[in-house]
>>> print(open('my_file.csv').read())   # CSV, C-alpha atoms and all ligand atoms
chain,number,residue,atom,x,y,z
A,1,MET,CA,-6.2,-48.8,68.7
A,2,GLU,CA,-4.3,-45.9,70.4
A,3,GLN,CA,-1.2,-47.3,68.8
A,4,VAL,CA,-2.8,-47.1,65.4
A,5,GLU,CA,-3.6,-43.4,66.0
A,6,GLU,CA,-0.1,-42.7,67.0
A,7,ALA,CA,1.2,-44.4,63.8
A,8,VAL,CA,-1.2,-42.3,61.7
A,9,ARG,CA,0.1,-39.1,63.5
A,10,ARG,CA,3.7,-40.0,63.0
A,11,LEU,CA,3.2,-41.0,59.3
A,12,ARG,CA,1.3,-37.7,58.6
A,13,ALA,CA,4.2,-35.8,60.1
A,14,GLY,CA,6.5,-37.4,57.6
A,15,GLU,CA,8.1,-40.0,59.9
A,16,VAL,CA,9.1,-43.5,58.9
A,17,VAL,CA,7.3,-46.2,61.0
A,18,ALA,CA,7.6,-50.0,61.1
A,19,ILE,CA,4.3,-51.7,60.5
A,20,PRO,CA,3.2,-55.3,60.8
A,21,THR,CA,1.8,-57.2,57.9
A,22,GLU,CA,0.8,-60.9,57.5
A,23,THR,CA,4.1,-61.5,55.5
A,24,VAL,CA,6.9,-59.5,57.2
A,25,TYR,CA,7.2,-56.2,58.9
A,26,GLY,CA,7.4,-53.1,56.6
A,27,LEU,CA,9.3,-49.8,56.8
A,28,ALA,CA,6.4,-47.5,56.0
A,29,ALA,CA,6.1,-43.9,54.8
A,30,ASP,CA,3.3,-41.8,53.4
A,31,ALA,CA,3.7,-42.3,49.7
A,32,SER,CA,2.6,-38.7,49.0
A,33,GLN,CA,5.6,-37.2,50.9
A,34,PRO,CA,8.8,-37.4,48.8
A,35,GLU,CA,11.1,-36.7,51.8
A,36,ALA,CA,9.6,-39.5,53.9
A,37,VAL,CA,10.0,-41.9,50.9
A,38,ALA,CA,13.6,-40.8,50.5
A,39,ARG,CA,14.2,-41.5,54.2
A,40,VAL,CA,13.0,-45.1,53.7
A,41,PHE,CA,15.7,-45.6,51.0
A,42,ALA,CA,18.3,-44.0,53.3
A,43,LEU,CA,17.4,-46.0,56.4
A,44,LYS,CA,17.5,-49.3,54.4
A,45,GLY,CA,20.6,-48.4,52.5
A,46,ARG,CA,18.6,-49.4,49.4
A,47,PRO,CA,19.7,-48.3,45.9
A,48,ALA,CA,17.4,-45.7,44.3
A,49,ASP,CA,16.5,-47.9,41.4
A,50,HIS,CA,14.9,-50.6,43.5
A,51,PRO,CA,11.2,-50.0,43.5
A,52,LEU,CA,8.8,-50.0,46.5
A,53,ILE,CA,5.4,-51.6,46.9
A,54,LEU,CA,2.3,-49.3,47.5
A,55,HIS,CA,0.0,-50.7,50.3
A,56,PHE,CA,-3.7,-49.9,50.2
A,57,ALA,CA,-6.7,-50.3,52.5
A,58,SER,CA,-8.8,-51.8,49.7
A,59,PRO,CA,-8.5,-52.7,46.0
A,60,GLU,CA,-11.0,-49.9,45.0
A,61,GLN,CA,-8.3,-47.3,45.8
A,62,ILE,CA,-5.8,-48.8,43.4
A,63,GLY,CA,-7.3,-47.5,40.1
A,64,ALA,CA,-6.2,-43.9,40.9
A,65,TYR,CA,-2.5,-45.0,41.0
A,66,ALA,CA,-2.3,-47.7,38.4
A,67,ALA,CA,-3.8,-48.7,35.1
A,68,ILE,CA,-5.5,-52.1,35.0
A,69,PRO,CA,-4.9,-53.6,31.6
A,70,GLN,CA,-6.7,-56.9,32.5
A,71,PRO,CA,-9.6,-55.8,34.6
A,72,GLU,CA,-11.2,-59.3,34.8
A,73,VAL,CA,-8.0,-60.9,36.0
A,74,PHE,CA,-7.4,-58.1,38.4
A,75,GLU,CA,-10.9,-58.4,39.9
A,76,ARG,CA,-10.6,-62.1,40.4
A,77,LEU,CA,-7.3,-61.9,42.1
A,78,ALA,CA,-8.4,-58.9,44.2
A,79,ARG,CA,-11.5,-60.8,45.4
A,80,HIS,CA,-9.7,-64.1,45.9
A,81,CYS,CA,-6.4,-63.1,47.4
A,82,TRP,CA,-6.8,-59.6,49.1
A,83,PRO,CA,-6.4,-58.7,51.8
A,84,GLY,CA,-3.4,-61.1,51.7
A,85,PRO,CA,0.1,-61.9,50.6
A,86,LEU,CA,-0.1,-61.0,47.0
A,87,THR,CA,1.5,-58.0,45.1
A,88,LEU,CA,0.5,-57.0,41.6
A,89,VAL,CA,2.7,-55.1,39.2
A,90,LEU,CA,0.6,-52.7,37.0
A,91,PRO,CA,1.3,-49.8,34.7
A,92,ARG,CA,2.0,-46.7,36.8
A,93,LYS,CA,-0.3,-43.6,36.6
A,94,ALA,CA,1.5,-40.3,36.4
A,95,CYS,CA,0.6,-39.4,40.0
A,96,VAL,CA,3.0,-42.1,41.3
A,97,PRO,CA,6.5,-40.6,41.6
A,98,LEU,CA,9.3,-42.3,39.7
A,99,ALA,CA,11.2,-42.3,43.0
A,100,ILE,CA,8.8,-44.9,44.2
A,101,THR,CA,8.9,-47.1,41.1
A,102,GLY,CA,12.7,-47.0,40.7
A,103,GLY,CA,12.3,-45.1,37.5
A,104,GLN,CA,10.0,-47.8,36.0
A,105,ASP,CA,6.7,-47.3,34.2
A,106,THR,CA,5.1,-49.9,36.4
A,107,VAL,CA,4.1,-49.8,40.1
A,108,ALA,CA,3.7,-52.7,42.6
A,109,VAL,CA,0.5,-52.7,44.7
A,110,ARG,CA,-1.0,-54.8,47.5
A,111,VAL,CA,-3.6,-54.9,50.2
A,112,PRO,CA,-2.0,-56.4,53.3
A,113,LYS,CA,-4.0,-58.5,55.8
A,114,HIS,CA,-2.8,-57.4,59.3
A,115,PRO,CA,-5.8,-55.8,61.2
A,116,LEU,CA,-3.7,-53.0,62.7
A,117,THR,CA,-2.2,-52.1,59.4
A,118,LEU,CA,-5.6,-52.2,57.6
A,119,ALA,CA,-7.0,-49.9,60.3
A,120,LEU,CA,-4.0,-47.6,59.9
A,121,LEU,CA,-4.4,-47.5,56.1
A,122,GLU,CA,-8.1,-46.7,56.5
A,123,GLN,CA,-7.5,-43.9,58.9
A,124,LEU,CA,-4.6,-42.5,56.9
A,125,GLY,CA,-6.7,-42.5,53.7
A,126,ARG,CA,-3.6,-42.7,51.5
A,127,PRO,CA,-1.3,-45.5,50.4
A,128,LEU,CA,1.9,-46.3,52.2
A,129,VAL,CA,5.2,-47.4,50.7
A,130,ALA,CA,6.6,-50.3,52.7
A,131,PRO,CA,9.6,-52.3,51.9
A,132,SER,CA,10.6,-55.1,54.3
A,133,ALA,CA,11.9,-53.4,57.5
A,134,ASN,CA,15.5,-54.7,57.2
A,135,ARG,CA,18.7,-53.2,55.9
A,136,PHE,CA,19.3,-53.9,52.2
A,137,GLY,CA,20.3,-57.5,51.6
A,138,HIS,CA,19.5,-58.8,55.2
A,139,THR,CA,16.7,-61.2,56.1
A,140,SER,CA,13.3,-59.7,56.5
A,141,PRO,CA,11.9,-59.1,60.0
A,142,THR,CA,9.0,-61.3,61.2
A,143,CYS,CA,8.5,-59.7,64.7
A,144,PRO,CA,9.0,-56.3,66.3
A,145,GLU,CA,12.3,-57.6,68.0
A,146,HIS,CA,13.8,-58.2,64.5
A,147,VAL,CA,13.0,-54.6,63.5
A,148,ARG,CA,14.8,-53.3,66.6
A,149,GLN,CA,17.8,-55.5,65.7
A,150,GLU,CA,17.9,-53.8,62.3
A,151,PHE,CA,17.2,-50.2,63.3
A,152,GLY,CA,17.4,-49.9,67.1
A,153,ASP,CA,15.4,-46.9,68.3
A,154,GLN,CA,15.7,-45.1,65.0
A,155,VAL,CA,12.3,-46.4,64.0
A,156,TRP,CA,9.0,-46.5,66.0
A,157,VAL,CA,7.3,-49.9,65.7
A,158,LEU,CA,3.6,-50.5,65.5
A,159,GLU,CA,3.6,-53.7,67.5
A,160,GLY,CA,1.5,-56.4,65.8
A,161,GLY,CA,3.1,-59.7,67.1
A,162,GLY,CA,4.7,-62.3,64.9
A,163,CYS,CA,3.9,-62.5,61.2
A,164,GLU,CA,1.5,-65.2,60.1
A,165,VAL,CA,3.2,-66.0,56.7
A,166,GLY,CA,6.8,-65.1,57.5
A,167,LEU,CA,7.9,-64.8,53.8
A,168,GLU,CA,7.4,-61.8,51.5
A,169,SER,CA,4.3,-61.6,49.3
A,170,THR,CA,4.1,-63.4,46.0
A,171,ILE,CA,4.7,-60.8,43.2
A,172,VAL,CA,2.7,-61.2,40.0
A,173,ASP,CA,3.4,-59.1,36.9
A,174,LEU,CA,0.1,-58.1,35.4
A,175,SER,CA,1.4,-55.0,33.6
A,176,GLY,CA,0.8,-56.3,30.0
A,177,GLU,CA,-0.7,-59.4,28.5
A,178,GLY,CA,-0.9,-62.6,30.5
A,179,TRP,CA,0.7,-62.9,33.9
A,180,ARG,CA,4.0,-64.1,35.4
A,181,VAL,CA,5.3,-64.7,39.0
A,182,LEU,CA,8.3,-62.4,39.7
A,183,ARG,CA,8.8,-63.5,43.3
A,184,PRO,CA,7.2,-66.7,44.8
A,185,GLY,CA,5.4,-66.5,48.1
A,186,ARG,CA,2.5,-68.1,49.9
A,187,TRP,CA,0.3,-67.8,46.8
A,188,LEU,CA,2.0,-70.6,44.8
A,189,SER,CA,2.5,-70.6,41.0
A,190,HIS,CA,0.4,-73.8,40.6
A,191,GLN,CA,-2.5,-72.3,42.6
A,192,LEU,CA,-2.4,-69.1,40.4
A,193,GLU,CA,-2.2,-71.3,37.3
A,194,ALA,CA,-5.2,-73.3,38.3
A,195,TYR,CA,-7.0,-70.1,38.8
A,196,LEU,CA,-5.7,-68.0,35.9
A,197,GLY,CA,-4.5,-70.5,33.3
A,198,PRO,CA,-0.9,-70.9,32.2
A,199,ALA,CA,1.7,-68.2,33.0
A,200,LYS,CA,3.5,-66.3,30.3
A,201,SER,CA,6.7,-68.0,29.4
A,202,HIS,CA,8.8,-65.5,27.5
A,203,GLN,CA,10.9,-63.2,29.6
A,204,GLU,CA,11.3,-60.1,27.5
A,205,HIS,CA,11.1,-56.8,29.5
A,206,LEU,CA,11.6,-58.6,32.8
A,207,PRO,CA,11.2,-55.8,35.4
A,208,ARG,CA,14.0,-55.4,37.9
A,209,VAL,CA,13.3,-57.2,41.2
A,210,PRO,CA,16.1,-56.9,43.8
A,211,GLY,CA,14.7,-60.0,45.4
A,212,ALA,CA,16.1,-61.6,42.2
A,213,LEU,CA,19.6,-60.8,43.2
A,214,GLU,CA,21.7,-63.7,44.4
A,215,ARG,CA,22.6,-63.4,48.1
A,216,HIS,CA,19.5,-61.4,48.9
A,217,TYR,CA,17.7,-62.5,52.1
A,218,ALA,CA,21.0,-63.8,53.5
A,219,PRO,CA,22.3,-64.1,57.1
A,220,ARG,CA,25.7,-62.6,57.8
A,221,THR,CA,27.1,-66.0,58.7
A,222,PRO,CA,28.0,-67.9,55.5
A,223,ALA,CA,25.4,-70.5,54.8
A,224,ARG,CA,25.2,-73.3,52.3
A,225,MET,CA,23.0,-76.2,51.3
A,226,TRP,CA,24.2,-79.4,52.9
A,227,ARG,CA,25.2,-82.3,50.6
A,228,PRO,CA,25.6,-85.8,52.0
A,229,ASP,CA,29.2,-86.2,50.7
A,230,GLN,CA,30.4,-83.1,52.7
A,231,ALA,CA,30.8,-82.5,56.4
A,232,PRO,CA,32.8,-79.8,58.1
A,233,SER,CA,35.9,-81.3,59.7
A,234,GLN,CA,36.5,-78.4,62.1
A,235,GLY,CA,34.9,-75.3,63.5
A,236,ARG,CA,31.4,-74.6,64.9
A,237,TRP,CA,28.6,-75.2,62.5
A,238,GLY,CA,24.9,-74.6,62.7
A,239,TRP,CA,22.4,-77.0,61.2
A,240,LEU,CA,19.0,-75.9,60.0
A,241,GLY,CA,17.1,-79.1,59.2
A,242,PHE,CA,14.4,-81.5,60.1
A,243,GLU,CA,16.3,-84.1,62.1
A,244,PRO,CA,19.2,-83.4,64.6
A,245,ARG,CA,22.8,-84.1,63.5
A,246,SER,CA,25.6,-84.8,65.9
A,247,GLY,CA,28.5,-82.4,66.1
A,248,LEU,CA,26.4,-79.5,64.8
A,249,GLU,CA,24.4,-76.8,66.6
A,250,CYS,CA,21.0,-77.8,65.5
A,251,LEU,CA,17.9,-75.7,65.0
A,252,LEU,CA,15.1,-78.0,64.0
A,253,MET,CA,12.4,-76.8,61.6
A,254,PRO,CA,8.7,-77.6,61.1
A,255,THR,CA,8.1,-80.3,58.5
A,256,ASP,CA,5.1,-78.5,56.9
A,257,SER,CA,5.9,-75.8,54.4
A,258,GLU,CA,3.7,-73.1,56.1
A,259,GLY,CA,5.2,-73.7,59.5
A,260,TYR,CA,8.7,-73.7,58.0
A,261,GLY,CA,8.1,-70.4,56.1
A,262,GLN,CA,6.7,-68.7,59.2
A,263,ARG,CA,9.8,-69.8,61.2
A,264,LEU,CA,12.6,-69.4,58.5
A,265,TYR,CA,13.8,-65.8,59.0
A,266,ALA,CA,13.7,-66.0,62.8
A,267,ALA,CA,15.7,-69.3,62.6
A,268,LEU,CA,18.4,-67.7,60.4
A,269,ARG,CA,18.7,-64.7,62.8
A,270,GLU,CA,19.0,-67.1,65.8
A,271,LEU,CA,21.8,-69.0,64.1
A,272,ASP,CA,23.4,-65.7,63.0
A,273,GLU,CA,23.7,-64.6,66.6
A,274,ARG,CA,25.7,-67.6,67.7
A,275,ALA,CA,28.9,-66.5,65.9
A,276,LEU,CA,29.2,-69.8,64.0
A,277,ASP,CA,31.7,-70.5,61.3
A,278,GLY,CA,28.9,-71.4,59.0
A,279,ILE,CA,25.3,-72.7,58.7
A,280,LEU,CA,24.4,-75.9,56.9
A,281,VAL,CA,20.9,-76.1,55.5
A,282,GLU,CA,19.1,-79.4,54.9
A,283,PRO,CA,17.4,-79.4,51.5
A,284,VAL,CA,13.6,-79.1,51.7
A,285,PRO,CA,11.2,-81.4,49.8
A,286,GLU,CA,10.6,-81.0,46.1
A,287,GLY,CA,6.8,-80.4,46.3
A,288,PRO,CA,5.2,-77.2,44.8
A,289,GLU,CA,4.2,-76.0,48.2
A,290,TRP,CA,7.9,-75.5,49.1
A,291,GLU,CA,8.5,-73.2,46.1
A,292,ALA,CA,8.9,-69.9,48.0
A,293,ILE,CA,11.1,-71.6,50.7
A,294,ARG,CA,13.4,-73.1,48.1
A,295,ASP,CA,13.7,-69.7,46.5
A,296,ARG,CA,14.7,-67.9,49.7
A,297,LEU,CA,17.0,-70.8,50.8
A,298,ARG,CA,18.8,-70.8,47.4
A,299,ARG,CA,19.5,-67.1,47.8
A,300,ALA,CA,20.5,-67.3,51.5
A,301,THR,CA,23.0,-70.1,50.6
A,302,SER,CA,24.4,-68.8,47.3
A,303,GLY,CA,28.0,-68.1,48.6
A,304,ASP,CA,30.8,-70.5,47.9
A,305,LEU,CA,32.0,-72.2,51.1
A,306,GLU,CA,34.1,-75.0,49.7
A,307,SER,CA,37.1,-73.6,51.7
A,308,PHE,CA,35.4,-74.4,55.0
A,309,PHE,CA,35.5,-78.2,54.5
A,401,LIG,O1,5.4,-58.9,51.7
A,401,LIG,C1,5.8,-57.9,51.2
A,401,LIG,O2,5.7,-57.7,50.0
A,401,LIG,C2,6.6,-57.0,52.1
A,401,LIG,C3,5.6,-56.3,53.1
A,401,LIG,C4,6.2,-55.3,54.0
A,401,LIG,O3,4.5,-55.8,52.3
A,401,LIG,N1,7.2,-56.0,51.3
A,401,LIG,C5,8.4,-56.2,50.6
A,401,LIG,O4,8.9,-55.1,50.0
A,401,LIG,O5,8.8,-57.3,50.5
A,401,LIG,P1,10.4,-55.1,49.4
A,401,LIG,O6,10.6,-53.7,49.0
A,401,LIG,O7,11.4,-55.7,50.5
A,401,LIG,O8,10.3,-56.0,48.2
A,401,LIG,C6,9.5,-55.5,47.2
A,401,LIG,C7,9.8,-56.2,45.9
A,401,LIG,C8,11.2,-55.8,45.4
A,401,LIG,O9,11.9,-57.0,45.0
A,401,LIG,C9,10.9,-54.9,44.3
A,401,LIG,O10,11.9,-54.9,43.3
A,401,LIG,C10,9.6,-55.5,43.7
A,401,LIG,O11,8.9,-55.7,44.9
A,401,LIG,N2,9.0,-54.4,43.0
A,401,LIG,C11,8.5,-53.3,43.4
A,401,LIG,N3,8.0,-52.5,42.4
A,401,LIG,C12,8.2,-53.3,41.3
A,401,LIG,C13,7.9,-53.1,39.9
A,401,LIG,N4,7.3,-52.0,39.4
A,401,LIG,N5,8.2,-54.1,39.0
A,401,LIG,C14,8.8,-55.2,39.5
A,401,LIG,N6,9.1,-55.4,40.7
A,401,LIG,C15,8.8,-54.5,41.6
A,402,MG,MG,12.9,-56.8,51.1
>>> encode(input="my_file.csv", output="structure tokens", more="lines below")
Ligand code: TXA
Ligand code: MG
Amino acid sequence: MEQVEEAVRRLRAGEVVAIPTETVYGLAADASQPEAVARVFALKGRPADHPLILHFASPEQIGAYAAIPQPEVFERLARHCWPGPLTLVLPRKACVPLAITGGQDTVAVRVPKHPLTLALLEQLGRPLVAPSANRFGHTSPTCPEHVRQEFGDQVWVLEGGGCEVGLESTIVDLSGEGWRVLRPGRWLSHQLEAYLGPAKSHQEHLPRVPGALERHYAPRTPARMWRPDQAPSQGRWGWLGFEPRSGLECLLMPTDSEGYGQRLYAALRELDERALDGILVEPVPEGPEWEAIRDRLRRATSGDLESFF
């Protein structure tokens, strides 16, 4: 717990610190210190209009920062999913600076599950902003080593081992009537639907989510989904799939969706380091439990690589 105390000290002093969560590592700053929040944007190279998530020690603290238009739904989700990989978008209260919400009238909030980060939040007694601890557009870090690959010794890391989920939290918009998934994650749409009833279908006032940009979460090496009619005729190619394929540098993935999600970003980083001409990704199953993985793979492979074949 000495590490937690050091993290608290550094955060109180206005420093940016990397923290473990059950999803991915976050680049944390005390939300009440505007200069510290600005440093998070600067370190990441993140555009000012891309909002940050506020992280809390417990759901009871959230009412001071956000309005809760559907208290029953909020309570049920809070009880069922927190601490855990779910983020809720709610109307912002005036005490939350627009610099945190990217100028929007809503604010994203979550209670993360990692024991060190929960202890840290409790000791700090204030929420932390914490985007994924990667430079803008890169894959998210799922272990301390990844954070160091992104920021070297610019950022002190609260060491909390590998991330259990490995993909960013599910984001649910609960800012008006009904609900809608803005970013899929471990909490799946069909699970939430079974729990909350059907999602809102119409898309007016869709809030900005940079995760919704194509080519977000992408490795530097060009990557594309493999199709049976195409094979590279030359060059060194990586293969991210379930079964080995001859002539390619293979990195084999778990066949269960949870194992796959936990491993995905580390696997993309490993392939990225091999200076390959490109990465071919085997399509994953169609089932609902692969929703978040299909989403991240689609974005990581959105470039056009026809010229490589
Ligand atoms: O799992 C996670 O959520 C991780 C860990 C560290 O907690 N954090 C994370 O933060 O993924 P970040 O900043 O990399 O992604 C946050 C996403 C962005 O796509 C952002 O646009 C969206 O949350 N977001 C934040 N505030 C929002 C708002 N008011 N309305 C809609 N989307 C919002
Ligand atoms: Mg991110």
>>> residues_near_ligand(input="my_file.csv", ligand="ligand MG 402 (chain A)", cutoff="9 Å", atoms="only C-alpha atoms and all ligand atoms", output="ChimeraX atom specification")
/A:24,26,131-140,168,210-211,216-217
>>> residues_around(input="my_file.csv", residues="A:Glu291", least_positions_apart="6", cutoff="8 Å", atoms="only C-alpha atoms", output="list of chain:residue names")
A:Pro184, A:Gly185, A:Leu188
>>> residues_around(input="my_file.csv", residues="A:Arg227", least_positions_apart="5", cutoff="10 Å", atoms="all atoms listed in the file", output="ChimeraX atom specification")
/A:280-283
>>> residues_near_ligand(input="my_file.csv", ligand="ligand LIG 401 (chain A)", cutoff="7 Å", atoms="all atoms listed in the file", output="number ranges by chain")
A: 21, 23-27, 50-53, 85, 87, 89, 101, 104, 106-108, 112, 130-133, 167-169, 171, 207-212
>>> closest_residue(input="my_file.csv", among="A:Glu286, A:Glu273, A:Asp153, A:Glu15", to="A:Asp30", atoms="only C-alpha atoms")
A:Glu15
>>> atom_distance(input="my_file.csv", atom1="atom CA of A:Ala94", atom2="atom CA of A:Tyr65")
7.7 Å
>>> closest_residue(input="my_file.csv", among="A:Gln3, A:Thr142, A:Thr221, A:Ser32", to="A:Tyr265", atoms="all atoms listed in the file")
A:Thr142
>>> closest_residue(input="my_file.csv", among="A:Arg274, A:Gln123, A:Gly247, A:Leu297", to="A:Ser233", atoms="only C-alpha atoms")
A:Gly247
>>> residues_around(input="my_file.csv", residues="A:Val37", least_positions_apart="2", cutoff="10 Å", atoms="all atoms listed in the file", output="PyMOL selection string")
chain A and resi 14-16+27-35+39-42+52+99-100+128-130
>>> residues_around(input="my_file.csv", residues="A:Leu252", least_positions_apart="4", cutoff="8 Å", atoms="only C-alpha atoms", output="number ranges by chain")
A: 239-244
>>> closest_residue(input="my_file.csv", among="A:Gly287, A:Gly152, A:Pro91, A:Gly84", to="A:Asp256", atoms="all atoms listed in the file")
A:Gly287
